[in-house]
file query-v2.txt (compact mmCIF, N, CA and C atoms)
# COMPACT_ATOMS: atom_id res chain seq x y z
N MET A 1 -1.68 9.20 0.85
CA MET A 1 -1.58 8.07 1.76
C MET A 1 -2.96 7.59 2.19
N ALA A 2 -3.94 7.75 1.33
CA ALA A 2 -5.28 7.31 1.70
C ALA A 2 -6.01 6.58 0.58
N ILE A 3 -5.33 6.30 -0.51
CA ILE A 3 -6.00 5.64 -1.63
C ILE A 3 -6.47 4.24 -1.21
N HIS A 4 -5.80 3.63 -0.25
CA HIS A 4 -6.22 2.30 0.20
C HIS A 4 -7.61 2.33 0.84
N HIS A 5 -8.14 3.52 1.13
CA HIS A 5 -9.51 3.64 1.65
C HIS A 5 -10.54 3.73 0.52
N ALA A 6 -10.11 4.00 -0.70
CA ALA A 6 -11.03 4.22 -1.82
C ALA A 6 -11.74 2.92 -2.20
N LYS A 7 -13.02 3.04 -2.49
CA LYS A 7 -13.78 1.87 -2.95
C LYS A 7 -13.31 1.45 -4.34
N SER A 8 -12.90 2.43 -5.16
CA SER A 8 -12.40 2.14 -6.50
C SER A 8 -11.08 2.87 -6.71
N LYS A 9 -10.00 2.15 -6.55
CA LYS A 9 -8.69 2.75 -6.79
C LYS A 9 -8.57 3.15 -8.27
N LEU A 10 -9.09 2.31 -9.15
CA LEU A 10 -9.07 2.65 -10.57
C LEU A 10 -9.78 3.98 -10.80
N GLY A 11 -10.91 4.19 -10.16
CA GLY A 11 -11.64 5.46 -10.29
C GLY A 11 -10.82 6.64 -9.83
N VAL A 12 -10.08 6.49 -8.75
CA VAL A 12 -9.20 7.57 -8.26
C VAL A 12 -8.15 7.89 -9.32
N PHE A 13 -7.56 6.85 -9.88
CA PHE A 13 -6.49 7.06 -10.86
C PHE A 13 -7.03 7.64 -12.17
N ILE A 14 -8.23 7.24 -12.56
CA ILE A 14 -8.85 7.83 -13.76
C ILE A 14 -9.09 9.32 -13.53
N ASN A 15 -9.61 9.68 -12.36
CA ASN A 15 -9.84 11.09 -12.04
C ASN A 15 -8.54 11.88 -12.02
N ALA A 16 -7.49 11.30 -11.45
CA ALA A 16 -6.19 11.99 -11.42
C ALA A 16 -5.67 12.19 -12.83
N HIS A 17 -5.79 11.17 -13.66
CA HIS A 17 -5.33 11.25 -15.05
C HIS A 17 -6.08 12.35 -15.80
N GLU A 18 -7.40 12.40 -15.62
CA GLU A 18 -8.20 13.42 -16.30
C GLU A 18 -7.88 14.83 -15.82
N ALA A 19 -7.49 14.97 -14.57
CA ALA A 19 -7.21 16.29 -13.99
C ALA A 19 -5.86 16.85 -14.44
N LEU A 20 -4.95 15.98 -14.84
CA LEU A 20 -3.61 16.44 -15.23
C LEU A 20 -3.59 17.00 -16.65
N LYS A 21 -2.69 17.96 -16.85
CA LYS A 21 -2.43 18.45 -18.20
C LYS A 21 -1.55 17.43 -18.92
N ALA A 22 -1.44 17.55 -20.24
CA ALA A 22 -0.55 16.68 -21.00
C ALA A 22 0.85 16.77 -20.43
N ASP A 23 1.54 15.67 -20.35
CA ASP A 23 2.89 15.56 -19.77
C ASP A 23 2.90 15.80 -18.27
N GLY A 24 1.73 15.78 -17.62
CA GLY A 24 1.66 15.94 -16.17
C GLY A 24 2.22 14.74 -15.45
N VAL A 25 2.61 14.95 -14.22
CA VAL A 25 3.20 13.90 -13.38
C VAL A 25 2.31 13.70 -12.15
N PHE A 26 2.01 12.47 -11.85
CA PHE A 26 1.22 12.10 -10.68
C PHE A 26 2.15 11.35 -9.74
N ILE A 27 2.40 11.92 -8.56
CA ILE A 27 3.25 11.30 -7.56
C ILE A 27 2.42 11.15 -6.29
N PHE A 28 2.43 9.98 -5.72
CA PHE A 28 1.66 9.74 -4.50
C PHE A 28 2.28 8.58 -3.72
N SER A 29 1.91 8.47 -2.47
CA SER A 29 2.32 7.31 -1.68
C SER A 29 1.07 6.71 -1.04
N ASP A 30 1.18 5.45 -0.68
CA ASP A 30 0.05 4.77 -0.05
C ASP A 30 0.55 3.55 0.71
N HIS A 31 -0.36 3.01 1.51
CA HIS A 31 -0.09 1.77 2.24
C HIS A 31 -0.29 0.61 1.28
N MET A 32 0.60 -0.36 1.35
CA MET A 32 0.60 -1.45 0.37
C MET A 32 0.48 -2.81 1.05
N ALA A 33 -0.04 -3.75 0.30
CA ALA A 33 -0.01 -5.16 0.67
C ALA A 33 1.12 -5.81 -0.10
N GLY A 34 1.44 -7.01 0.26
CA GLY A 34 2.42 -7.76 -0.50
C GLY A 34 1.79 -8.40 -1.72
N SER A 35 2.62 -8.95 -2.56
CA SER A 35 2.11 -9.64 -3.75
C SER A 35 1.93 -11.13 -3.49
N HIS A 36 2.25 -11.55 -2.28
CA HIS A 36 2.16 -12.96 -1.91
C HIS A 36 1.86 -13.02 -0.41
N GLN A 37 1.20 -14.07 0.01
CA GLN A 37 0.83 -14.27 1.41
C GLN A 37 2.06 -14.19 2.33
N LYS A 38 3.19 -14.72 1.89
CA LYS A 38 4.40 -14.69 2.72
C LYS A 38 4.92 -13.27 2.88
N VAL A 39 4.79 -12.47 1.83
CA VAL A 39 5.21 -11.06 1.93
C VAL A 39 4.29 -10.32 2.88
N ASP A 40 2.99 -10.61 2.83
CA ASP A 40 2.07 -10.00 3.79
C ASP A 40 2.47 -10.33 5.23
N GLY A 41 2.92 -11.55 5.45
CA GLY A 41 3.39 -11.95 6.78
C GLY A 41 4.61 -11.14 7.20
N LEU A 42 5.54 -10.91 6.28
CA LEU A 42 6.71 -10.07 6.59
C LEU A 42 6.28 -8.65 6.94
N ILE A 43 5.33 -8.12 6.18
CA ILE A 43 4.83 -6.77 6.43
C ILE A 43 4.18 -6.71 7.82
N GLU A 44 3.36 -7.70 8.15
CA GLU A 44 2.70 -7.72 9.46
C GLU A 44 3.71 -7.77 10.60
N ARG A 45 4.73 -8.59 10.45
CA ARG A 45 5.75 -8.68 11.50
C ARG A 45 6.53 -7.39 11.63
N GLU A 46 6.80 -6.72 10.52
CA GLU A 46 7.52 -5.45 10.59
C GLU A 46 6.65 -4.38 11.23
N ARG A 47 5.36 -4.35 10.92
CA ARG A 47 4.44 -3.41 11.59
C ARG A 47 4.45 -3.65 13.09
N ALA A 48 4.44 -4.92 13.49
CA ALA A 48 4.48 -5.25 14.92
C ALA A 48 5.80 -4.77 15.54
N ARG A 49 6.91 -5.00 14.85
CA ARG A 49 8.21 -4.58 15.39
C ARG A 49 8.27 -3.07 15.57
N VAL A 50 7.76 -2.34 14.58
CA VAL A 50 7.79 -0.88 14.64
C VAL A 50 6.90 -0.39 15.79
N ARG A 51 5.73 -0.97 15.94
CA ARG A 51 4.78 -0.52 16.96
C ARG A 51 5.17 -0.97 18.37
N LEU A 52 5.68 -2.20 18.48
CA LEU A 52 5.97 -2.77 19.79
C LEU A 52 7.42 -2.63 20.21
N GLY A 53 8.29 -2.33 19.27
CA GLY A 53 9.72 -2.35 19.56
C GLY A 53 10.23 -3.77 19.45
N GLU A 54 11.42 -3.99 19.88
CA GLU A 54 12.01 -5.33 19.83
C GLU A 54 11.39 -6.18 20.93
N VAL A 55 10.45 -7.06 20.55
CA VAL A 55 9.76 -7.93 21.49
C VAL A 55 10.11 -9.36 21.16
N SER A 56 10.54 -10.11 22.17
CA SER A 56 10.90 -11.50 21.93
C SER A 56 9.73 -12.44 22.21
N ASP A 57 8.66 -11.93 22.80
CA ASP A 57 7.49 -12.76 23.12
C ASP A 57 6.63 -12.92 21.87
N LEU A 58 6.69 -14.09 21.27
CA LEU A 58 5.98 -14.36 20.02
C LEU A 58 4.48 -14.16 20.19
N GLU A 59 3.93 -14.53 21.33
CA GLU A 59 2.48 -14.38 21.54
C GLU A 59 2.07 -12.90 21.50
N LYS A 60 2.90 -12.00 22.02
CA LYS A 60 2.59 -10.56 21.96
C LYS A 60 2.59 -10.08 20.51
N VAL A 61 3.54 -10.56 19.74
CA VAL A 61 3.61 -10.19 18.33
C VAL A 61 2.38 -10.70 17.59
N LEU A 62 2.03 -11.96 17.82
CA LEU A 62 0.86 -12.54 17.15
C LEU A 62 -0.42 -11.84 17.57
N GLU A 63 -0.54 -11.45 18.83
CA GLU A 63 -1.72 -10.72 19.29
C GLU A 63 -1.79 -9.35 18.63
N PHE A 64 -0.65 -8.68 18.51
CA PHE A 64 -0.64 -7.39 17.81
C PHE A 64 -1.13 -7.57 16.37
N ILE A 65 -0.62 -8.60 15.69
CA ILE A 65 -1.01 -8.85 14.30
C ILE A 65 -2.51 -9.11 14.21
N ARG A 66 -3.05 -9.91 15.10
CA ARG A 66 -4.50 -10.18 15.10
C ARG A 66 -5.29 -8.88 15.27
N GLN A 67 -4.88 -8.07 16.24
CA GLN A 67 -5.58 -6.80 16.49
C GLN A 67 -5.41 -5.84 15.32
N ASP A 68 -4.23 -5.80 14.73
CA ASP A 68 -3.97 -4.91 13.60
C ASP A 68 -4.83 -5.31 12.40
N ARG A 69 -4.94 -6.61 12.14
CA ARG A 69 -5.80 -7.08 11.04
C ARG A 69 -7.24 -6.65 11.27
N ALA A 70 -7.72 -6.82 12.49
CA ALA A 70 -9.10 -6.45 12.82
C ALA A 70 -9.29 -4.94 12.68
N SER A 71 -8.33 -4.18 13.12
CA SER A 71 -8.40 -2.72 13.02
C SER A 71 -8.41 -2.27 11.56
N GLN A 72 -7.54 -2.86 10.76
CA GLN A 72 -7.48 -2.50 9.34
C GLN A 72 -8.81 -2.82 8.65
N ALA A 73 -9.38 -3.97 8.96
CA ALA A 73 -10.65 -4.37 8.36
C ALA A 73 -11.78 -3.44 8.80
N SER A 74 -11.81 -3.09 10.08
CA SER A 74 -12.89 -2.23 10.58
C SER A 74 -12.81 -0.82 10.02
N GLU A 75 -11.61 -0.38 9.66
CA GLU A 75 -11.42 0.95 9.08
C GLU A 75 -11.66 0.95 7.57
N GLY A 76 -11.91 -0.21 7.00
CA GLY A 76 -12.14 -0.29 5.57
C GLY A 76 -10.89 -0.21 4.73
N ASN A 77 -9.74 -0.47 5.34
CA ASN A 77 -8.49 -0.43 4.59
C ASN A 77 -8.41 -1.63 3.66
N ALA A 78 -8.13 -1.37 2.40
CA ALA A 78 -8.00 -2.43 1.41
C ALA A 78 -6.68 -2.22 0.67
N CYS A 79 -5.60 -2.61 1.33
CA CYS A 79 -4.29 -2.46 0.72
C CYS A 79 -4.12 -3.49 -0.38
N GLU A 80 -3.46 -3.07 -1.44
CA GLU A 80 -3.20 -3.97 -2.57
C GLU A 80 -1.72 -3.92 -2.90
N SER A 81 -1.31 -4.78 -3.77
CA SER A 81 0.11 -4.91 -4.12
C SER A 81 0.57 -3.80 -5.07
N VAL A 82 1.87 -3.64 -5.15
CA VAL A 82 2.46 -2.71 -6.10
C VAL A 82 2.03 -3.09 -7.51
N ALA A 83 2.02 -4.38 -7.81
CA ALA A 83 1.61 -4.85 -9.15
C ALA A 83 0.18 -4.42 -9.46
N ALA A 84 -0.72 -4.52 -8.48
CA ALA A 84 -2.11 -4.10 -8.71
C ALA A 84 -2.18 -2.60 -9.00
N TYR A 85 -1.40 -1.80 -8.28
CA TYR A 85 -1.40 -0.36 -8.53
C TYR A 85 -0.84 -0.06 -9.92
N PHE A 86 0.19 -0.78 -10.34
CA PHE A 86 0.72 -0.61 -11.70
C PHE A 86 -0.39 -0.87 -12.72
N ASP A 87 -1.14 -1.95 -12.51
CA ASP A 87 -2.24 -2.29 -13.44
C ASP A 87 -3.29 -1.19 -13.47
N TYR A 88 -3.72 -0.70 -12.29
CA TYR A 88 -4.74 0.36 -12.23
C TYR A 88 -4.24 1.63 -12.93
N LEU A 89 -3.01 2.02 -12.64
CA LEU A 89 -2.47 3.25 -13.23
C LEU A 89 -2.37 3.14 -14.74
N THR A 90 -1.93 2.00 -15.23
CA THR A 90 -1.82 1.78 -16.68
C THR A 90 -3.21 1.79 -17.32
N GLU A 91 -4.17 1.12 -16.68
CA GLU A 91 -5.54 1.10 -17.21
C GLU A 91 -6.15 2.50 -17.22
N ALA A 92 -5.76 3.34 -16.26
CA ALA A 92 -6.28 4.71 -16.20
C ALA A 92 -5.66 5.60 -17.27
N GLY A 93 -4.63 5.11 -17.97
CA GLY A 93 -4.03 5.87 -19.06
C GLY A 93 -2.64 6.39 -18.79
N PHE A 94 -2.10 6.14 -17.60
CA PHE A 94 -0.75 6.62 -17.28
C PHE A 94 0.30 5.77 -17.98
N ARG A 95 1.45 6.37 -18.24
CA ARG A 95 2.60 5.68 -18.83
C ARG A 95 3.81 5.94 -17.94
N GLY A 96 4.84 5.14 -18.12
CA GLY A 96 6.05 5.33 -17.32
C GLY A 96 5.80 5.13 -15.84
N VAL A 97 4.89 4.25 -15.51
CA VAL A 97 4.53 4.00 -14.10
C VAL A 97 5.70 3.31 -13.41
N ASP A 98 6.04 3.81 -12.23
CA ASP A 98 7.14 3.21 -11.48
C ASP A 98 6.91 3.37 -9.99
N CYS A 99 7.55 2.51 -9.23
CA CYS A 99 7.56 2.61 -7.78
C CYS A 99 8.95 3.11 -7.40
N GLY A 100 9.01 4.36 -6.96
CA GLY A 100 10.29 4.98 -6.67
C GLY A 100 10.89 4.58 -5.33
N TRP A 101 10.02 4.11 -4.42
CA TRP A 101 10.50 3.74 -3.08
C TRP A 101 9.45 2.88 -2.41
N ARG A 102 9.91 1.90 -1.66
CA ARG A 102 9.02 1.08 -0.85
C ARG A 102 9.75 0.64 0.40
N ASP A 103 9.03 0.70 1.51
CA ASP A 103 9.55 0.20 2.78
C ASP A 103 8.42 -0.58 3.44
N TYR A 104 8.43 -1.86 3.24
CA TYR A 104 7.40 -2.75 3.75
C TYR A 104 6.01 -2.31 3.30
N TRP A 105 5.24 -1.59 4.12
CA TRP A 105 3.83 -1.32 3.79
C TRP A 105 3.58 0.05 3.20
N ILE A 106 4.59 0.82 2.93
CA ILE A 106 4.40 2.14 2.32
C ILE A 106 5.25 2.21 1.05
N ALA A 107 4.64 2.76 -0.01
CA ALA A 107 5.35 2.90 -1.27
C ALA A 107 5.04 4.25 -1.89
N VAL A 108 5.98 4.72 -2.70
CA VAL A 108 5.82 5.97 -3.45
C VAL A 108 5.82 5.63 -4.94
N PHE A 109 4.83 6.17 -5.64
CA PHE A 109 4.67 5.90 -7.07
C PHE A 109 4.81 7.19 -7.87
N VAL A 110 5.22 7.03 -9.11
CA VAL A 110 5.24 8.11 -10.07
C VAL A 110 4.64 7.58 -11.37
N ALA A 111 3.81 8.41 -11.99
CA ALA A 111 3.18 8.03 -13.26
C ALA A 111 3.02 9.29 -14.11
N PHE A 112 3.10 9.13 -15.41
CA PHE A 112 3.07 10.26 -16.33
C PHE A 112 1.86 10.19 -17.25
N LYS A 113 1.27 11.36 -17.48
CA LYS A 113 0.19 11.44 -18.46
C LYS A 113 0.82 11.71 -19.81
N ALA A 114 0.58 10.80 -20.74
CA ALA A 114 1.18 10.94 -22.08
C ALA A 114 0.53 12.07 -22.85

call {"tool": "encode", "arguments": {"input": "query-v2.txt", "output": "structure tokens"}}
result
Amino acid sequence: MAIHHAKSKLGVFINAHEALKADGVFIFSDHMAGSHQKVDGLIERERARVRLGEVSDLEKVLEFIRQDRASQASEGNACESVAAYFDYLTEAGFRGVDCGWRDYWIAVFVAFKA
């Protein structure tokens, strides 16, 4: 759950691939971005709902989102889409890459070393 902090996600996946034995399985989860700006908006609103509870004050939700964006940026979080992770994993040499579960901003991946 920390690959989104890596400067080179591809580098992480290459290292994982090299560390595995033949037919090894790499399973991990991480924080994800959406594949489209509108999906990112849905993710931000869901993060606000989870953190704030059911809030009907739109300004409170928007303020949370502004603060959360600033916090994520200051922490160096660089979340990317499921599609980007598929590309990195495939480029690193993994096969059978799949996303076994996703709930807004967290996803679980599985990939196999051929």

call {"tool": "closest_residue", "arguments": {"input": "query-v2.txt", "among": "A:Val97, A:Ala2, A:Ala83, A:Ile14", "to": "Asp30 (chain A)", "atoms": "only N, CA and C atoms"}}
result
A:Ala2

call {"tool": "atom_distance", "arguments": {"input": "query-v2.txt", "atom1": "CA of Ala111 (chain A)", "atom2": "atom C of His31 (chain A)"}}
result
16.7 Å

call {"tool": "axis_aligned_box", "arguments": {"input": "query-v2.txt", "around": "region 15-31 of chain A", "padding_each_side": "5 Å", "output": "JSON"}}
result
{"center_x": -3.3, "center_y": 9.5, "center_z": -9.4, "size_x": 23.1, "size_y": 27.8, "size_z": 33.2}

call {"tool": "atom_distance", "arguments": {"input": "query-v2.txt", "atom1": "CA of Trp105 (chain A)", "atom2": "CA of His4 (chain A)"}}
result
11.3 Å

call {"tool": "select_by_dssp", "arguments": {"input": "query-v2.txt", "residues": "region 1-112 of chain A", "states": "alpha helix (DSSP H)", "output": "PyMOL selection string"}}
result
chain A and resi 9-19+37-52+58-74+82-91

call {"tool": "closest_residue", "arguments": {"input": "query-v2.txt", "among": "A:Leu62, A:Ala33, A:Leu10, A:Val50", "to": "Leu89 (chain A)", "atoms": "only N, CA and C atoms"}}
result
A:Leu10

call {"tool": "atom_distance", "arguments": {"input": "query-v2.txt", "atom1": "atom C of Arg45 (chain A)", "atom2": "CA of Arg102 (chain A)"}}
result
15.3 Å

call {"tool": "residues_around", "arguments": {"input": "query-v2.txt", "residues": "Asp103 (chain A)", "least_positions_apart": "6", "cutoff": "12 Å", "atoms": "only C-alpha atoms", "output": "VMD selection string"}}
result
chain A and resid 29 to 34 42 to 43 46 to 47 82

call {"tool": "residues_around", "arguments": {"input": "query-v2.txt", "residues": "Gly96 (chain A)", "least_positions_apart": "3", "cutoff": "8 Å", "atoms": "all atoms listed in the file", "output": "list in words"}}
result
Thr90, Gly93, Cys99, Val110, Ala111, Phe112, Lys113 and Ala114 of chain A

call {"tool": "closest_residue", "arguments": {"input": "query-v2.txt", "among": "A:Ala48, A:Val61, A:Val39, A:Cys79", "to": "Lys7 (chain A)", "atoms": "only C-alpha atoms"}}
result
A:Cys79

call {"tool": "closest_residue", "arguments": {"input": "query-v2.txt", "among": "A:Glu54, A:Glu44, A:Phe109, A:Glu75", "to": "Arg95 (chain A)", "atoms": "only C-alpha atoms"}}
result
A:Phe109

call {"tool": "select_by_dssp", "arguments": {"input": "query-v2.txt", "residues": "chain A", "states": "strand (DSSP E or B)", "output": "ChimeraX atom specification"}}
result
/A:25-31,94-103,106-113

call {"tool": "closest_residue", "arguments": {"input": "query-v2.txt", "among": "A:Val108, A:Ser81, A:His5, A:Ala73", "to": "Phe26 (chain A)", "atoms": "only C-alpha atoms"}}
result
A:Val108

call {"tool": "residues_around", "arguments": {"input": "query-v2.txt", "residues": "Val12 (chain A)", "least_positions_apart": "5", "cutoff": "8 Å", "atoms": "only N, CA and C atoms", "output": "list in words"}}
result
Ile3, Ala6, Lys7, His17, Glu18 and Ala92 of chain A
